[in-house]
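Trainee: I have a structure here, written as structure tokens, and I will follow up with some questions on it.
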Amino acid sequence: MSTATIAQVRAWEALDSRGRPTVACRVDLAGGGIGVARVPSGASTGSHEALELRDGGSRYAGAGVRTAINAVEKYLAPATHGLPATDAAAVDRAIDQVWQQRGADQIGANATLAVSLAAVLAAADAERIPLARMLRPEGPLPLPMPMVNIVSGGAHAAGAIDLQDFLVIPEGAQTFAEAIEWVSRIRAAARTVAEQRGFPQAHLVADEGGLGLPLGSNRAALDLLCEAVEASGLELGGQVRFAIDAAASEFQTSRGYHLATEDRTLSAEELVAMYAGWIRRYPIRSIEDPLGEDDWAGWQLATRELASRVDLVGDDLFVTQAERLRRGVTSRCGSSILIKVNQNGLVTRTQEVLGIAKGAGYRTVVSARSGETEDSWVADLAVGWDAGQLKVGSTHRSERTAKWNRVLELEATEETVLRHPWSRAEEHRQPAEGGRPPAEEQEQS
Ligand code: 2PG
Ligand code: MG
């Protein structure tokens, strides 16, 4: 028996950052390598995501995960026993076989992902190297550009405003440490500006560590970002740009896109026109989920109208699934993809989706969920897969800083290079049908 073979798989209920239970799993290898992984969970979940199994009933208000834990111990542990953890594809195939046979209602993506992740972490532990290095054995580790939440709305801030995330991208930073110092400065300035504007609740934090403020309009969040960047002494546009995660499925109704904060309902055309106006006025680099998860026609329109100026990132649209991404590429929807392992359920299959996106000329953003844990493996995945961008929330709350801190650790201890995904020097991917145009065709402001 090789030292990397899986000897034991155990699972239990742990808490996530919203106090809800989640699946934790430990894989022990024959030679002593150990991997522990806890599964994250979304709030603005796409309806096409892989199914997260919850028990129902009265425990944890129905959110218990004992069924998923039972699935790990009863089915996934025997199926993976004796496999080499170093062969992640073989481990995932074994997990997937059980998943297909028993069905989503017996296994659950929270069970499959827990084992899949714990196995790769155990393999890295056995080799005594970071997971990022195991995934990328050669050359400097490519660190992602951070996208950092400053203002939260939607499902992450009790609907304080309608759009879910207003983020900053410290594009001009030369190192990850510099990037983090800049965004921490901006986050602090945003709080001060908000307090000066009469929002005493600016010392409280939303689900991802951002400010959840009843600003009165969605656009006001962009003005707050502008003021915060200026107060930080950083240059808007040159050093720092903005990103938005509209999470539009959350405010889509049968009558259109309902902006409750502004008491108006917009058609897809009107919503796209609103974004176009914002893009003209603010240094916006990307908009995620600008339209609803099944509004393919709206996405096509947005891609035609906006993709030459900003990245359009599919999260709820693509849900880290190859089939939906392929449909998006052929029907010219979006130009970038959000990658979340728990939307997919398996580590290697998620990596395949990322590969398809890169092949189609889409940019890629590895993302955490709004319900997170102290785990930091998502940072290693973003680095090891050379995603180019990482989105894990704000600079507040330990489940967020765990991820930034992990990239800082890699920068301090490994040979690394910080990715600047929009710089021409790094513009190496070929755009495909429906993909974004090359950098030189994109407007720079
Ligand atoms: C998103 C994520 C992370 P959630 O929409 O991109 O911000 O949120 O995990 O709630 O889906
Ligand atoms: Mg999103």
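For the structure tokens, the naming scheme is as follows: chains receive sequential letters (A, B, ...) according to their order of presentation, residues are indexed from 1 within each chain, and ligands are indexed from 1 in presentation order.
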To test your reading of the structure, identify every residue in segment 160-318 of chain A that backbone DSSP assigns to strand (DSSP E), and report it as an MDAnalysis selection string.
Mentor: chainID A and resid 165:169 241:245 252:253 256:259 264:266 284:288 311:314
Trainee: List all protein, DNA and RNA residues that have an atom no more than 9 Å from any atom of ligand 1, counting only C-alpha atoms and all ligand atoms, and report them as a ChimeraX atom specification.
Mentor: /A:40-46,149,155-156,164-165,207-208,245-247,288-289,315-316,338,340,367-372,391-393
Trainee: Can you measure atom CA of Gly216 of chain A to atom CA of Ser152 of chain A for me? One decimal in Å is fine.
Mentor: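 Between these atoms lies a distance of 13.2 Å.
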Trainee: When you look at Gly334 of chain A with a cut-off of 6 Å (counting only C-alpha atoms), what residues show up, excluding the ones that are within fewer than 3 positions of it in the same chain? I need them as a list in words.
Mentor: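 My reading of the contact set: Thr303, Leu312 and Val313 of chain A.
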Trainee: With distances taken over only C-alpha atoms, which of A:Leu213, A:Val319, A:Met147, A:Ala177 is nearest to Arg241 of chain A?
Mentor: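 Result for the nearest residue to Arg241 of chain A: A:Met147.
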Trainee: Looking at only C-alpha atoms, which of A:Leu306, A:Ala118, A:Asp263, A:Gly277 is the one that sits closest to Pro290 of chain A?
Mentor: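 Closest residue, counting only C-alpha atoms: A:Leu306.
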Trainee: Hey, what's within 10 Å of Ala173 of chain A if we count only C-alpha atoms and toss same-chain stuff fewer than 6 positions away? As a list in words, please?
Mentor: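 Close residues of Ala173 of chain A: Met145, Ala179, Ile180, Glu181, Trp182, Gln239, Val240, Leu418 and His420 of chain A.
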Trainee: For Ala379 of chain A, list every protein, DNA or RNA residue within 7 Å, evaluated using only C-alpha atoms, and leave out those in the same chain fewer than 5 positions away; present the list as a count of residues only.
Mentor: 3
Trainee: Pick out the closest residue to ligand 2 from this set: A:Ala109, A:Leu301, A:Leu291, A:Val417. Count only C-alpha atoms and all ligand atoms.
Mentor: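 Smallest separation from ligand 2 among the options: A:Leu291.
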Trainee: Name the residues of segment 75-221 of chain A that come out as helix (DSSP H, G or I) in a backbone DSSP run; write them as a PyMOL selection string.
Mentor: chain A and resi 75-80+88-102+109-127+131-135+154-156+176-196+200-203+219-221
